[in-house]
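Undergrad: my_file-v4.tsv (TSV, C-alpha atoms) pasted underneath:
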```tsv
chain	number	residue	atom	x	y	z
A	1	MET	CA	0.00	0.00	0.00
A	2	LYS	CA	1.03	3.66	-0.38
A	3	ALA	CA	2.04	5.59	2.72
A	4	ALA	CA	3.76	8.86	3.65
A	5	ILE	CA	6.95	7.76	5.40
A	6	VAL	CA	9.07	9.85	7.78
A	7	LYS	CA	12.48	8.23	7.53
A	8	ASN	CA	14.22	10.19	10.27
A	9	LYS	CA	13.56	12.93	12.82
A	10	GLY	CA	12.81	16.28	11.22
A	11	ILE	CA	12.75	14.91	7.65
A	12	LEU	CA	9.59	15.60	5.63
A	13	PRO	CA	7.61	12.49	4.64
A	14	VAL	CA	7.83	10.86	1.23
A	15	VAL	CA	5.27	8.55	-0.37
A	16	GLU	CA	6.44	4.97	-0.76
A	17	GLU	CA	5.03	1.45	-0.91
A	18	ILE	CA	5.00	-0.49	2.37
A	19	ASP	CA	3.35	-3.67	3.65
A	20	ALA	CA	-0.29	-3.34	4.63
A	21	PRO	CA	-1.07	-3.77	8.35
A	22	VAL	CA	-2.11	-7.13	9.78
A	23	GLN	CA	-4.49	-7.44	12.70
A	24	SER	CA	-2.96	-9.46	15.55
A	25	THR	CA	-5.42	-8.99	18.46
A	26	GLU	CA	-9.19	-8.59	18.88
A	27	ASN	CA	-8.60	-5.08	20.19
A	28	GLU	CA	-7.08	-3.96	16.90
A	29	LEU	CA	-8.93	-2.71	13.86
A	30	ILE	CA	-7.72	-2.23	10.29
A	31	LEU	CA	-9.20	0.89	8.71
A	32	THR	CA	-9.09	2.03	5.11
A	33	VAL	CA	-8.15	5.67	5.53
A	34	LYS	CA	-10.36	8.17	3.74
A	35	ALA	CA	-9.13	11.53	5.00
A	36	SER	CA	-6.59	12.99	7.42
A	37	ALA	CA	-6.19	16.66	8.34
A	38	LEU	CA	-2.71	18.14	8.69
A	39	THR	CA	-2.53	19.99	11.99
A	40	MET	CA	0.40	21.65	13.75
A	41	VAL	CA	0.44	18.94	16.43
A	42	GLY	CA	0.13	16.19	13.82
A	43	LYS	CA	3.05	17.48	11.77
A	44	SER	CA	5.32	18.12	14.75
A	45	SER	CA	4.47	14.74	16.26
A	46	SER	CA	5.19	12.98	12.97
A	47	LEU	CA	8.59	14.68	12.68
A	48	GLY	CA	9.50	13.95	16.32
A	49	SER	CA	9.46	17.54	17.59
A	50	HIS	CA	6.24	17.49	19.65
A	51	TYR	CA	6.43	16.94	23.41
A	52	SER	CA	4.34	13.76	23.02
A	53	SER	CA	6.47	12.32	20.19
A	54	HIS	CA	8.04	8.87	20.27
A	55	ASP	CA	11.28	8.97	18.33
A	56	ALA	CA	11.08	5.69	16.43
A	57	PHE	CA	11.81	5.92	12.71
A	58	PRO	CA	10.96	5.19	9.96
A	59	LYS	CA	7.23	5.54	10.56
A	60	VAL	CA	4.06	6.50	8.76
A	61	ALA	CA	3.15	10.17	9.26
A	62	GLY	CA	-0.15	11.40	10.65
A	63	ILE	CA	-1.76	10.86	14.04
A	64	GLU	CA	-5.49	11.13	13.30
A	65	GLY	CA	-7.99	10.65	10.54
A	66	VAL	CA	-11.22	9.11	9.30
A	67	GLY	CA	-11.32	5.55	8.04
A	68	GLU	CA	-13.75	2.79	7.09
A	69	ASP	CA	-13.91	-0.77	8.38
A	70	THR	CA	-14.87	-3.74	6.23
A	71	ASP	CA	-18.56	-3.09	6.91
A	72	GLY	CA	-18.31	0.44	5.54
A	73	ASP	CA	-18.72	2.10	8.94
A	74	ARG	CA	-16.72	5.31	9.35
A	75	PHE	CA	-14.58	5.99	12.39
A	76	TYR	CA	-12.46	8.87	13.59
A	77	PHE	CA	-9.21	7.53	15.06
A	78	ILE	CA	-6.45	9.18	17.04
A	79	GLY	CA	-3.17	7.34	17.30
A	80	SER	CA	-2.22	4.15	15.46
A	81	GLN	CA	-0.62	0.89	16.42
A	82	GLY	CA	3.12	0.34	15.96
A	83	LEU	CA	4.72	2.51	13.30
A	84	TYR	CA	1.52	2.89	11.30
A	85	GLY	CA	0.02	6.37	10.98
A	86	ALA	CA	-2.93	8.14	9.39
A	87	LEU	CA	-1.28	9.08	6.09
A	88	ALA	CA	-1.54	5.70	4.41
A	89	GLU	CA	-4.10	3.74	2.44
A	90	GLN	CA	-4.68	1.61	5.53
A	91	THR	CA	-3.81	1.91	9.20
A	92	LEU	CA	-3.97	-0.24	12.31
A	93	VAL	CA	-5.74	1.25	15.34
A	94	ASN	CA	-6.88	0.33	18.81
A	95	LYS	CA	-10.67	-0.02	18.80
A	96	ASN	CA	-10.79	1.89	22.09
A	97	ARG	CA	-9.26	4.94	20.42
A	98	THR	CA	-11.95	5.37	17.78
A	99	VAL	CA	-15.22	7.30	17.57
A	100	LYS	CA	-17.97	6.45	15.12
A	101	ILE	CA	-18.80	9.27	12.70
A	102	PRO	CA	-22.47	10.40	12.61
A	103	GLU	CA	-24.19	9.61	9.32
A	104	LYS	CA	-25.06	13.28	8.72
A	105	LEU	CA	-21.44	14.44	9.01
A	106	ASP	CA	-19.37	14.24	5.83
A	107	THR	CA	-15.91	12.69	5.91
A	108	ILE	CA	-13.93	15.84	5.05
A	109	THR	CA	-15.63	17.91	7.75
A	110	ALA	CA	-15.14	15.14	10.32
A	111	ALA	CA	-11.42	14.95	9.55
A	112	ALA	CA	-10.97	18.74	9.54
A	113	ILE	CA	-13.03	19.59	12.62
A	114	ALA	CA	-11.88	16.90	15.07
A	115	ASN	CA	-8.59	18.40	16.25
A	116	PRO	CA	-9.57	22.09	16.48
A	117	GLY	CA	-12.92	21.13	17.96
A	118	MET	CA	-11.35	18.93	20.62
A	119	SER	CA	-8.91	21.70	21.54
A	120	SER	CA	-11.65	24.10	22.63
A	121	TYR	CA	-14.15	21.51	23.88
A	122	ALA	CA	-11.63	19.78	26.15
A	123	ALA	CA	-10.25	23.09	27.41
A	124	LEU	CA	-13.68	24.52	28.19
A	125	VAL	CA	-15.28	21.37	29.62
A	126	TYR	CA	-12.49	19.42	31.31
A	127	ARG	CA	-10.08	22.20	32.28
A	128	ALA	CA	-12.11	25.41	32.68
A	129	LYS	CA	-15.36	23.59	33.58
A	130	ILE	CA	-17.43	26.20	31.77
A	131	ALA	CA	-20.73	27.37	33.27
A	132	SER	CA	-23.59	29.47	31.92
A	133	ASN	CA	-22.37	32.71	33.51
A	134	ASP	CA	-18.85	32.53	32.07
A	135	VAL	CA	-17.33	35.19	29.83
A	136	VAL	CA	-14.74	33.65	27.48
A	137	LEU	CA	-11.81	35.43	25.85
A	138	ILE	CA	-10.22	33.72	22.83
A	139	ASN	CA	-6.61	34.73	22.15
A	140	GLY	CA	-5.86	33.83	18.54
A	141	ALA	CA	-9.46	33.80	17.35
A	142	THR	CA	-8.65	34.12	13.65
A	143	GLY	CA	-7.11	30.70	12.97
A	144	THR	CA	-9.03	27.49	12.32
A	145	ALA	CA	-9.09	26.45	15.98
A	146	GLY	CA	-9.68	29.95	17.34
A	147	MET	CA	-12.60	30.66	15.02
A	148	LEU	CA	-14.20	27.37	15.99
A	149	ALA	CA	-13.51	28.11	19.68
A	150	VAL	CA	-15.79	31.17	19.47
A	151	LYS	CA	-18.64	28.97	18.24
A	152	MET	CA	-17.79	26.26	20.76
A	153	ALA	CA	-17.93	28.68	23.70
A	154	TYR	CA	-21.42	29.79	22.70
A	155	ALA	CA	-22.56	26.21	22.09
A	156	LEU	CA	-21.41	25.27	25.60
A	157	GLY	CA	-23.36	28.10	27.19
A	158	ALA	CA	-20.98	31.04	27.53
A	159	LYS	CA	-22.73	34.29	28.45
A	160	LYS	CA	-20.34	36.37	26.36
A	161	VAL	CA	-17.37	35.76	24.04
A	162	ILE	CA	-14.53	38.17	23.26
A	163	ALA	CA	-12.16	37.55	20.33
A	164	ILE	CA	-8.67	38.98	19.92
A	165	GLY	CA	-6.05	38.48	17.23
A	166	ARG	CA	-4.44	40.25	14.27
A	167	ASN	CA	-6.82	39.72	11.35
A	168	LYS	CA	-9.48	42.41	11.81
A	169	ASP	CA	-11.73	41.14	9.03
A	170	ALA	CA	-11.78	37.64	10.52
A	171	LEU	CA	-12.50	39.07	13.98
A	172	GLU	CA	-15.39	41.14	12.62
A	173	HIS	CA	-16.94	37.97	11.19
A	174	SER	CA	-16.11	35.72	14.14
A	175	GLY	CA	-19.53	36.09	15.75
A	176	ALA	CA	-18.02	37.25	19.06
A	177	ASP	CA	-19.75	39.90	21.17
A	178	GLU	CA	-16.60	42.03	21.22
A	179	TYR	CA	-13.24	41.92	19.49
A	180	LEU	CA	-9.90	43.72	19.50
A	181	SER	CA	-7.39	43.59	16.66
A	182	SER	CA	-3.74	44.11	17.58
A	183	SER	CA	-3.04	45.09	13.95
A	184	ASP	CA	-4.85	48.39	14.62
A	185	TYR	CA	-1.95	49.48	16.85
A	186	SER	CA	1.58	50.43	15.84
A	187	ASN	CA	4.64	49.61	17.94
A	188	ASN	CA	4.46	52.98	19.71
A	189	GLU	CA	0.75	52.48	20.51
A	190	GLN	CA	1.15	49.40	22.69
A	191	THR	CA	0.26	51.33	25.85
A	192	GLN	CA	-3.06	52.29	24.27
A	193	TYR	CA	-3.58	48.68	23.16
A	194	LEU	CA	-3.14	47.58	26.77
A	195	VAL	CA	-5.66	50.18	27.95
A	196	ASP	CA	-8.20	49.12	25.31
A	197	LEU	CA	-7.60	45.46	26.15
A	198	GLY	CA	-8.22	46.31	29.80
A	199	LYS	CA	-11.63	47.76	28.92
A	200	ILE	CA	-12.89	44.47	27.46
A	201	ILE	CA	-11.47	41.99	29.97
A	202	THR	CA	-13.06	43.34	33.16
A	203	ASP	CA	-15.64	40.53	33.34
A	204	VAL	CA	-13.64	37.73	31.67
A	205	THR	CA	-13.68	34.44	33.61
A	206	ILE	CA	-12.06	32.08	31.07
A	207	VAL	CA	-9.17	32.69	28.65
A	208	LEU	CA	-8.39	30.23	25.86
A	209	ASP	CA	-4.91	31.04	24.56
A	210	TYR	CA	-3.80	29.60	21.22
A	211	LEU	CA	-0.82	31.97	20.81
A	212	TRP	CA	1.16	32.44	24.06
A	213	GLY	CA	4.24	34.71	23.87
A	214	ASP	CA	3.89	38.49	24.22
A	215	THR	CA	0.16	38.29	23.49
A	216	ALA	CA	-0.32	36.22	26.66
A	217	GLN	CA	1.79	38.64	28.67
A	218	GLN	CA	-0.37	41.54	27.47
A	219	ILE	CA	-3.57	39.78	28.52
A	220	MET	CA	-2.17	38.96	31.94
A	221	GLN	CA	-0.88	42.51	32.34
A	222	ALA	CA	-4.34	43.85	31.47
A	223	ILE	CA	-5.93	41.51	34.01
A	224	TYR	CA	-3.39	42.70	36.61
A	225	GLN	CA	-3.83	46.42	35.86
A	226	PHE	CA	-7.47	46.73	34.88
A	227	GLY	CA	-9.27	43.52	35.82
A	228	ASN	CA	-11.66	42.91	38.70
A	229	HIS	CA	-9.39	41.08	41.13
A	230	GLN	CA	-12.40	39.52	42.84
A	231	ILE	CA	-13.30	37.56	39.69
A	232	GLU	CA	-11.78	34.11	39.32
A	233	VAL	CA	-10.10	33.74	35.92
A	234	ARG	CA	-9.20	30.31	34.51
A	235	TYR	CA	-6.42	30.89	31.98
A	236	ILE	CA	-6.05	27.87	29.67
A	237	GLN	CA	-2.88	27.63	27.56
A	238	ILE	CA	-3.55	25.58	24.40
A	239	GLY	CA	-1.11	26.61	21.66
A	240	THR	CA	2.27	28.28	21.23
A	241	LEU	CA	2.07	29.83	17.78
A	242	VAL	CA	3.83	33.02	18.94
A	243	ALA	CA	6.37	31.65	21.44
A	244	GLN	CA	7.09	28.66	23.66
A	245	GLU	CA	7.75	30.63	26.85
A	246	ILE	CA	6.62	33.74	28.70
A	247	ILE	CA	7.54	35.60	31.89
A	248	VAL	CA	4.81	35.50	34.54
A	249	PRO	CA	5.26	38.07	37.35
A	250	GLY	CA	4.78	36.61	40.78
A	251	ALA	CA	2.75	39.66	41.80
A	252	LEU	CA	0.17	38.79	39.15
A	253	LEU	CA	-0.52	35.40	40.72
A	254	ARG	CA	-0.49	36.75	44.26
A	255	SER	CA	-2.77	39.72	43.66
A	256	THR	CA	-5.40	38.19	41.35
A	257	LYS	CA	-7.62	35.12	41.36
A	258	LEU	CA	-6.01	33.83	38.18
A	259	THR	CA	-5.47	30.10	37.76
A	260	LEU	CA	-3.01	29.20	35.01
A	261	MET	CA	-3.26	25.75	33.43
A	262	GLY	CA	-2.77	23.97	30.12
A	263	SER	CA	-4.97	21.78	27.96
A	264	GLY	CA	-3.56	19.12	25.67
A	265	LEU	CA	-2.21	15.60	25.49
A	266	GLY	CA	-1.36	14.73	29.08
A	267	SER	CA	-3.37	17.33	30.95
A	268	VAL	CA	-6.48	15.87	29.31
A	269	GLY	CA	-6.73	12.07	29.34
A	270	SER	CA	-7.21	9.97	26.20
A	271	LYS	CA	-10.72	8.96	27.33
A	272	GLU	CA	-11.71	12.62	27.70
A	273	LEU	CA	-10.20	13.48	24.30
A	274	LEU	CA	-12.26	10.77	22.61
A	275	LEU	CA	-15.39	11.95	24.41
A	276	SER	CA	-14.52	15.46	23.24
A	277	ALA	CA	-14.30	14.28	19.63
A	278	GLU	CA	-17.67	12.55	19.95
A	279	LYS	CA	-19.27	15.72	21.31
A	280	VAL	CA	-17.62	17.86	18.63
A	281	PHE	CA	-19.17	15.68	15.90
A	282	GLU	CA	-22.59	15.93	17.55
A	283	LEU	CA	-22.31	19.72	17.81
A	284	ALA	CA	-21.10	19.98	14.21
A	285	VAL	CA	-24.22	18.17	13.01
A	286	THR	CA	-26.58	20.14	15.27
A	287	ASN	CA	-25.09	23.54	14.43
A	288	HIS	CA	-24.15	22.82	10.80
A	289	TRP	CA	-20.50	23.63	11.45
A	290	HIS	CA	-18.00	23.41	8.62
A	291	ILE	CA	-14.25	24.04	8.56
A	292	PRO	CA	-12.63	25.94	5.67
A	293	ASN	CA	-10.32	23.39	4.06
A	294	THR	CA	-8.11	22.64	1.08
A	295	THR	CA	-7.87	19.04	-0.08
A	296	PHE	CA	-4.77	17.28	-1.41
A	297	ARG	CA	-4.01	13.80	-2.67
A	298	LEU	CA	-1.54	11.63	-0.75
A	299	GLU	CA	0.90	11.95	-3.66
A	300	ASP	CA	0.99	15.72	-3.04
A	301	ILE	CA	2.15	15.33	0.57
A	302	LYS	CA	5.03	17.83	0.23
A	303	LYS	CA	2.74	20.54	-1.13
A	304	ALA	CA	0.13	19.82	1.55
A	305	TRP	CA	2.73	19.77	4.32
A	306	GLU	CA	3.96	23.23	3.36
A	307	ALA	CA	0.47	24.71	2.86
A	308	PRO	CA	-0.92	27.27	5.35
A	309	SER	CA	-2.77	25.79	8.33
A	310	HIS	CA	-5.83	27.92	7.47
A	311	PRO	CA	-7.78	26.87	5.51
A	312	ARG	CA	-7.12	23.41	6.97
A	313	PRO	CA	-5.14	21.10	4.65
A	314	VAL	CA	-6.87	17.70	4.38
A	315	ILE	CA	-5.27	14.69	2.69
A	316	ILE	CA	-7.71	12.57	0.69
A	317	ILE	CA	-6.57	8.98	0.41
```
Can you give me the file's structure in the form of structure tokens?
TA:
Amino acid sequence: MKAAIVKNKGILPVVEEIDAPVQSTENELILTVKASALTMVGKSSSLGSHYSSHDAFPKVAGIEGVGEDTDGDRFYFIGSQGLYGALAEQTLVNKNRTVKIPEKLDTITAAAIANPGMSSYAALVYRAKIASNDVVLINGATGTAGMLAVKMAYALGAKKVIAIGRNKDALEHSGADEYLSSSDYSNNEQTQYLVDLGKIITDVTIVLDYLWGDTAQQIMQAIYQFGNHQIEVRYIQIGTLVAQEIIVPGALLRSTKLTLMGSGLGSVGSKELLLSAEKVFELAVTNHWHIPNTTFRLEDIKKAWEAPSHPRPVIII
């Protein structure tokens, strides 16, 4: 069968012929892969640079996708057995790490929406424990995951959603109650940006941060300077598109009711992630959610790998 093979750490995958998987236990399932979305975590994990990576090479790239069993039933899977991955004509998965796809949800949407949907659902439900009176701030609300996070927050009962990011047009069309675009401010207007940020975060109770870096420091500074220190704020770190590290002043944590935590593989268990995927699919059907995507064939893996993450690249196999 054809598969996208990563031959060594950090080396982009190439399409080659390999042996098809063979089922060896009742807990395993062979799936014919139909679609697999290329996400930041999927690419970094495949190349061995993600914190959850297992550095065994060569291996088939891809950590999640949608496949069919011999009965024609469609399943979303996350993780594969052995060195098999999602970017192949077939893969070998653990039955306990699959979720059946609703009939009304098309394959491309299921593949594209699973990862970004899980990122906000798991963060809001399992980490922030969202309630109906919560006000949610999305940092990085213009990417695939951030745009979906705005919809997810409303679907899970948020009272109010605030979106921040760079792309003003995307923010205007995000559906959030309020938004603030950092691109409206020059380098010498950062003090004013902080003041304006402070005006919209006074009642925020949950922050979902897809960016980190200086954007996170600005939000925390605004909470410290302008926020209501009697309000408990659950700050959930999800992505690091801007930077891997930040400086957190001790005074911020001592003088505010801010709880800083992360959401991802490890802080959220595999059972909860699968439940998140199941709920995301249900919400996608109920709310008619779709993810902007660009499709590629497996043979075009290099082009797909280097494509922008928004719209979401999806490999059709």
Undergrad: Please build the interface table for region 123-164 of chain A against region 292-296 of chain A with a cut-off of 12 Å, listing for each qualifying residue the nearest atom pair and the distance in Å to one decimal; count all atoms listed in the file, order rows by chain and increasing number, and write it as a Markdown table.
TA:
```
| residue | atom | partner | partner_atom | distance |
| --- | --- | --- | --- | --- |
| A:Gly143 | CA | A:Pro292 | CA | 10.3 |
| A:Thr144 | CA | A:Pro292 | CA | 7.7 |
| A:Ala145 | CA | A:Pro292 | CA | 10.9 |
| A:Met147 | CA | A:Pro292 | CA | 10.5 |
| A:Leu148 | CA | A:Pro292 | CA | 10.5 |
```
Undergrad: Nearest residue to Ile247 (chain A) out of A:Ser181, A:Ser80, A:Thr205, A:Thr215, using all atoms listed in the file?
TA: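 Looking at the shortest contact to Ile247 (chain A), the residue is A:Thr215.
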Undergrad: Excluding Val66 (chain A) and any residue of its chain fewer than 2 positions from it, enumerate the residues within 6 Å of it, using all atoms listed in the file, and give them as a ChimeraX atom specification.
TA: /A:33-35,75-76,111
Undergrad: Find the distance between CA of Gly79 (chain A) and CA of Ser49 (chain A) and write it in Å to one decimal.
TA: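 About the pair CA of Gly79 (chain A) and CA of Ser49 (chain A): they are 16.2 Å apart.
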Undergrad: Can you tell me, as a PDB file with C-alpha atoms, keeping the file's coordinate frame, what residues are no more than 10 Å from Phe226 (chain A) when counting all atoms listed in the file, ignoring any on the same chain fewer than 2 positions away?
TA:
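Everything below was put into around.pdb:
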```
ATOM      1  CA  LEU A 194      -3.140  47.580  26.770  1.00  0.00           C
ATOM      2  CA  VAL A 195      -5.660  50.180  27.950  1.00  0.00           C
ATOM      3  CA  ASP A 196      -8.200  49.120  25.310  1.00  0.00           C
ATOM      4  CA  LEU A 197      -7.600  45.460  26.150  1.00  0.00           C
ATOM      5  CA  GLY A 198      -8.220  46.310  29.800  1.00  0.00           C
ATOM      6  CA  LYS A 199     -11.630  47.760  28.920  1.00  0.00           C
ATOM      7  CA  ILE A 200     -12.890  44.470  27.460  1.00  0.00           C
ATOM      8  CA  ILE A 201     -11.470  41.990  29.970  1.00  0.00           C
ATOM      9  CA  THR A 202     -13.060  43.340  33.160  1.00  0.00           C
ATOM     10  CA  MET A 220      -2.170  38.960  31.940  1.00  0.00           C
ATOM     11  CA  GLN A 221      -0.880  42.510  32.340  1.00  0.00           C
ATOM     12  CA  ALA A 222      -4.340  43.850  31.470  1.00  0.00           C
ATOM     13  CA  ILE A 223      -5.930  41.510  34.010  1.00  0.00           C
ATOM     14  CA  TYR A 224      -3.390  42.700  36.610  1.00  0.00           C
ATOM     15  CA  ASN A 228     -11.660  42.910  38.700  1.00  0.00           C
ATOM     16  CA  HIS A 229      -9.390  41.080  41.130  1.00  0.00           C
TER      17      HIS A 229
END
```
Undergrad: For Thr240 (chain A), list every protein, DNA or RNA residue within 7 Å, evaluated using only C-alpha atoms, and leave out those in the same chain fewer than 6 positions away; present the list as a ChimeraX atom specification.
TA: /A:210-212
Undergrad: Go ahead and write the residues just picked, C-alpha atoms, as a CSV table (one decimal), keeping the file's coordinate frame.
TA:
```
chain,number,residue,atom,x,y,z
A,210,TYR,CA,-3.8,29.6,21.2
A,211,LEU,CA,-0.8,32.0,20.8
A,212,TRP,CA,1.2,32.4,24.1
```
